[in-house]
Amino acid sequence: MRIRQPLLAVFDRGYPSLEFIDFLETEGIHDLVRLSSNDYVAERKQMQSTEEKVILKHSSARLQKICQKHPEWYEQRKKKGEMLVRISRTTLPCGNELARMTDLLDTITAKELTDFYYQRWEMEKKYHTLKNKMKFESVMWKASVYGYQDFWAQVLVYNMVENIRNSADKKVAESGREKISHAYE
């Protein structure tokens, strides 16, 4: 099944390998990837501004990890030699750098890139709640019917809690008071 286009995949740190970015490019999937502090350091040091098109060289060191697993891809990338990406950097309120790599056009501003990334972060926070607070990963799967029941029961409870929370936030906003800090966060 083909994925419908256009599509923007937003990733946290840990995904910016040349192989992965090339796969997304081949599939026609736009990408926005947060870079960790040690991703493409040499290229980022050469940047003259906070936002630039950067050439990522397909060096032997970068391609070495995939040489054994995907020799055909290795040869193709070795011949291609490089990849052009856009890197955008901003400074977070805490003083740390937020660097993002994307193939999106320059018409998308750095602020819009940040907004896209933080939309993903909101989903990550919800996943954290499901995984660590509601213990989704500890669903008992002794029989598939019980696993499905357990999973959907947890989804139901999660949605009920979110509805109650959203309703309470709405009432607080209508009353003019500040938003309540929820004790369960």
# chains A, B, ... in the order shown; residues from 1 in each chain; ligands from 1
call {"tool": "residues_around", "arguments": {"residues": "range 124-134 of chain A", "least_positions_apart": "6", "cutoff": "12 Å", "atoms": "only C-alpha atoms", "output": "mmCIF file with N, CA, C and O atoms, in the first residue's frame"}}
result
data_model
loop_
_atom_site.group_PDB
_atom_site.id
_atom_site.type_symbol
_atom_site.label_atom_id
_atom_site.label_comp_id
_atom_site.auth_asym_id
_atom_site.auth_seq_id
_atom_site.Cartn_x
_atom_site.Cartn_y
_atom_site.Cartn_z
ATOM 1 N N VAL A 10 7.746 13.727 11.114
ATOM 2 C CA VAL A 10 8.512 14.501 12.087
ATOM 3 C C VAL A 10 9.120 13.523 13.083
ATOM 4 O O VAL A 10 8.411 12.713 13.679
ATOM 5 N N PHE A 11 10.453 13.620 13.247
ATOM 6 C CA PHE A 11 11.175 12.669 14.087
ATOM 7 C C PHE A 11 11.973 13.386 15.165
ATOM 8 O O PHE A 11 12.468 14.487 14.956
ATOM 9 N N ASP A 12 12.119 12.703 16.284
ATOM 10 C CA ASP A 12 12.963 13.208 17.360
ATOM 11 C C ASP A 12 14.399 12.792 17.080
ATOM 12 O O ASP A 12 14.691 12.169 16.066
ATOM 13 N N TYR A 117 7.640 20.752 14.917
ATOM 14 C CA TYR A 117 8.317 19.841 15.832
ATOM 15 C C TYR A 117 7.558 19.756 17.157
ATOM 16 O O TYR A 117 7.366 18.674 17.706
ATOM 17 N N TYR A 118 7.103 20.894 17.687
ATOM 18 C CA TYR A 118 6.413 20.866 18.972
ATOM 19 C C TYR A 118 5.034 20.213 18.886
ATOM 20 O O TYR A 118 4.545 19.690 19.879
ATOM 21 N N ASP A 150 -7.937 -5.531 27.405
ATOM 22 C CA ASP A 150 -7.119 -4.715 28.290
ATOM 23 C C ASP A 150 -6.691 -3.423 27.591
ATOM 24 O O ASP A 150 -6.805 -2.333 28.139
ATOM 25 N N PHE A 151 -6.230 -3.549 26.359
ATOM 26 C CA PHE A 151 -5.787 -2.385 25.590
ATOM 27 C C PHE A 151 -6.916 -1.374 25.420
ATOM 28 O O PHE A 151 -6.767 -0.192 25.722
ATOM 29 N N TRP A 152 -8.089 -1.839 24.938
ATOM 30 C CA TRP A 152 -9.196 -0.914 24.683
ATOM 31 C C TRP A 152 -9.772 -0.349 25.973
ATOM 32 O O TRP A 152 -10.244 0.797 25.995
ATOM 33 N N ALA A 153 -9.726 -1.097 27.045
ATOM 34 C CA ALA A 153 -10.162 -0.561 28.340
ATOM 35 C C ALA A 153 -9.250 0.584 28.765
ATOM 36 O O ALA A 153 -9.722 1.619 29.266
ATOM 37 N N GLN A 154 -7.949 0.430 28.547
ATOM 38 C CA GLN A 154 -7.017 1.500 28.893
ATOM 39 C C GLN A 154 -7.226 2.723 28.008
ATOM 40 O O GLN A 154 -7.145 3.862 28.475
ATOM 41 N N VAL A 155 -7.490 2.510 26.732
ATOM 42 C CA VAL A 155 -7.778 3.627 25.825
ATOM 43 C C VAL A 155 -9.030 4.360 26.293
ATOM 44 O O VAL A 155 -9.069 5.598 26.329
ATOM 45 N N LEU A 156 -10.061 3.613 26.672
ATOM 46 C CA LEU A 156 -11.294 4.219 27.155
ATOM 47 C C LEU A 156 -11.037 5.062 28.402
ATOM 48 O O LEU A 156 -11.467 6.219 28.481
ATOM 49 N N VAL A 157 -10.322 4.522 29.373
ATOM 50 C CA VAL A 157 -10.018 5.257 30.597
ATOM 51 C C VAL A 157 -9.195 6.508 30.282
ATOM 52 O O VAL A 157 -9.485 7.599 30.795
ATOM 53 N N TYR A 158 -8.212 6.369 29.427
ATOM 54 C CA TYR A 158 -7.379 7.519 29.048
ATOM 55 C C TYR A 158 -8.235 8.619 28.419
ATOM 56 O O TYR A 158 -8.123 9.788 28.770
ATOM 57 N N ASN A 159 -9.117 8.242 27.490
ATOM 58 C CA ASN A 159 -9.980 9.235 26.836
ATOM 59 C C ASN A 159 -10.938 9.887 27.824
ATOM 60 O O ASN A 159 -11.206 11.083 27.736
ATOM 61 N N VAL A 161 -10.386 10.376 31.061
ATOM 62 C CA VAL A 161 -9.585 11.302 31.866
ATOM 63 C C VAL A 161 -9.289 12.574 31.076
ATOM 64 O O VAL A 161 -9.401 13.689 31.591
ATOM 65 N N GLU A 162 -8.918 12.428 29.797
ATOM 66 C CA GLU A 162 -8.640 13.596 28.952
ATOM 67 C C GLU A 162 -9.882 14.459 28.777
ATOM 68 O O GLU A 162 -9.795 15.691 28.796
ATOM 69 N N TYR A 184 -1.941 15.110 38.486
ATOM 70 C CA TYR A 184 -1.566 13.838 37.885
ATOM 71 C C TYR A 184 -0.600 13.996 36.714
ATOM 72 O O TYR A 184 -0.221 13.030 36.100
ATOM 73 N N GLU A 185 -0.185 15.196 36.389
ATOM 74 C CA GLU A 185 0.750 15.382 35.273
ATOM 75 C C GLU A 185 2.140 14.995 35.667
ATOM 76 O O GLU A 185 2.585 15.109 36.746
#
call {"tool": "residues_around", "arguments": {"residues": "range 105-112 of chain A", "least_positions_apart": "2", "cutoff": "8 Å", "atoms": "only C-alpha atoms", "output": "ChimeraX atom specification"}}
result
/A:51,88-90,103,114-116
call {"tool": "write_last_selection", "arguments": {"atoms": "C-alpha atoms", "output": "PDB file, in the first residue's frame"}}
result
ATOM      1  CA  GLU A  51      19.468  28.483   8.601  1.00  0.00           C
ATOM      2  CA  SER A  88      17.725  25.279  10.911  1.00  0.00           C
ATOM      3  CA  ARG A  89      18.975  26.209  14.380  1.00  0.00           C
ATOM      4  CA  THR A  90      17.296  28.172  17.144  1.00  0.00           C
ATOM      5  CA  ASP A 103      13.889  18.800   3.082  1.00  0.00           C
ATOM      6  CA  THR A 114       9.705  24.711  15.423  1.00  0.00           C
ATOM      7  CA  ASP A 115       5.891  24.658  15.573  1.00  0.00           C
ATOM      8  CA  PHE A 116       5.794  21.431  13.503  1.00  0.00           C
TER       9      PHE A 116
END
call {"tool": "residues_around", "arguments": {"residues": "Arg34 in chain A", "least_positions_apart": "6", "cutoff": "6 Å", "atoms": "only C-alpha atoms", "output": "PyMOL selection string"}}
result
chain A and resi 12-13+99-100
call {"tool": "atom_distance", "arguments": {"atom1": "CA of Lys135 in chain A", "atom2": "CA of Asn166 in chain A"}}
result
22.0 Å
call {"tool": "atom_distance", "arguments": {"atom1": "CA of Val172 in chain A", "atom2": "CA of Met160 in chain A"}}
result
18.4 Å
call {"tool": "select_by_dssp", "arguments": {"residues": "range 50-136 of chain A", "states": "helix (DSSP H, G or I)", "output": "JSON, numbers by chain"}}
result
{"A": [60, 61, 62, 63, 64, 65, 66, 67, 71, 72, 73, 74, 75, 76, 77, 78, 79, 80, 110, 111, 112, 113, 114, 115, 116, 117, 118, 119, 120, 121, 122, 123, 124, 125, 126, 127, 128, 129, 130, 131, 132, 133, 136]}
call {"tool": "select_by_dssp", "arguments": {"residues": "chain A", "states": "strand (DSSP E or B)", "output": "NGL selection string"}}
result
:A and (8-11 or 30-35 or 51-57 or 82-91 or 97-102)
call {"tool": "closest_residue", "arguments": {"among": "A:Leu32, A:Ile164, A:Ile21, A:Leu7", "to": "Gln119 in chain A", "atoms": "only C-alpha atoms"}}
result
A:Leu32
call {"tool": "closest_residue", "arguments": {"among": "A:Lys65, A:His58, A:Arg77, A:His30", "to": "Thr102 in chain A", "atoms": "only C-alpha atoms"}}
result
A:His30
call {"tool": "atom_distance", "arguments": {"atom1": "CA of Leu104 in chain A", "atom2": "CA of Asp31 in chain A"}}
result
7.2 Å
call {"tool": "residues_around", "arguments": {"residues": "Gln76 in chain A", "least_positions_apart": "3", "cutoff": "12 Å", "atoms": "only C-alpha atoms", "output": "list in words"}}
result
Glu19, Asp22, His58, Leu63, Ile66, Cys67, His70, Pro71, Glu72, Trp73, Lys79, Lys80, Gly81 and Glu82 of chain A
call {"tool": "closest_residue", "arguments": {"among": "A:Val41, A:Ile55, A:Leu8, A:Ala168", "to": "Glu25 in chain A", "atoms": "only C-alpha atoms"}}
result
A:Leu8
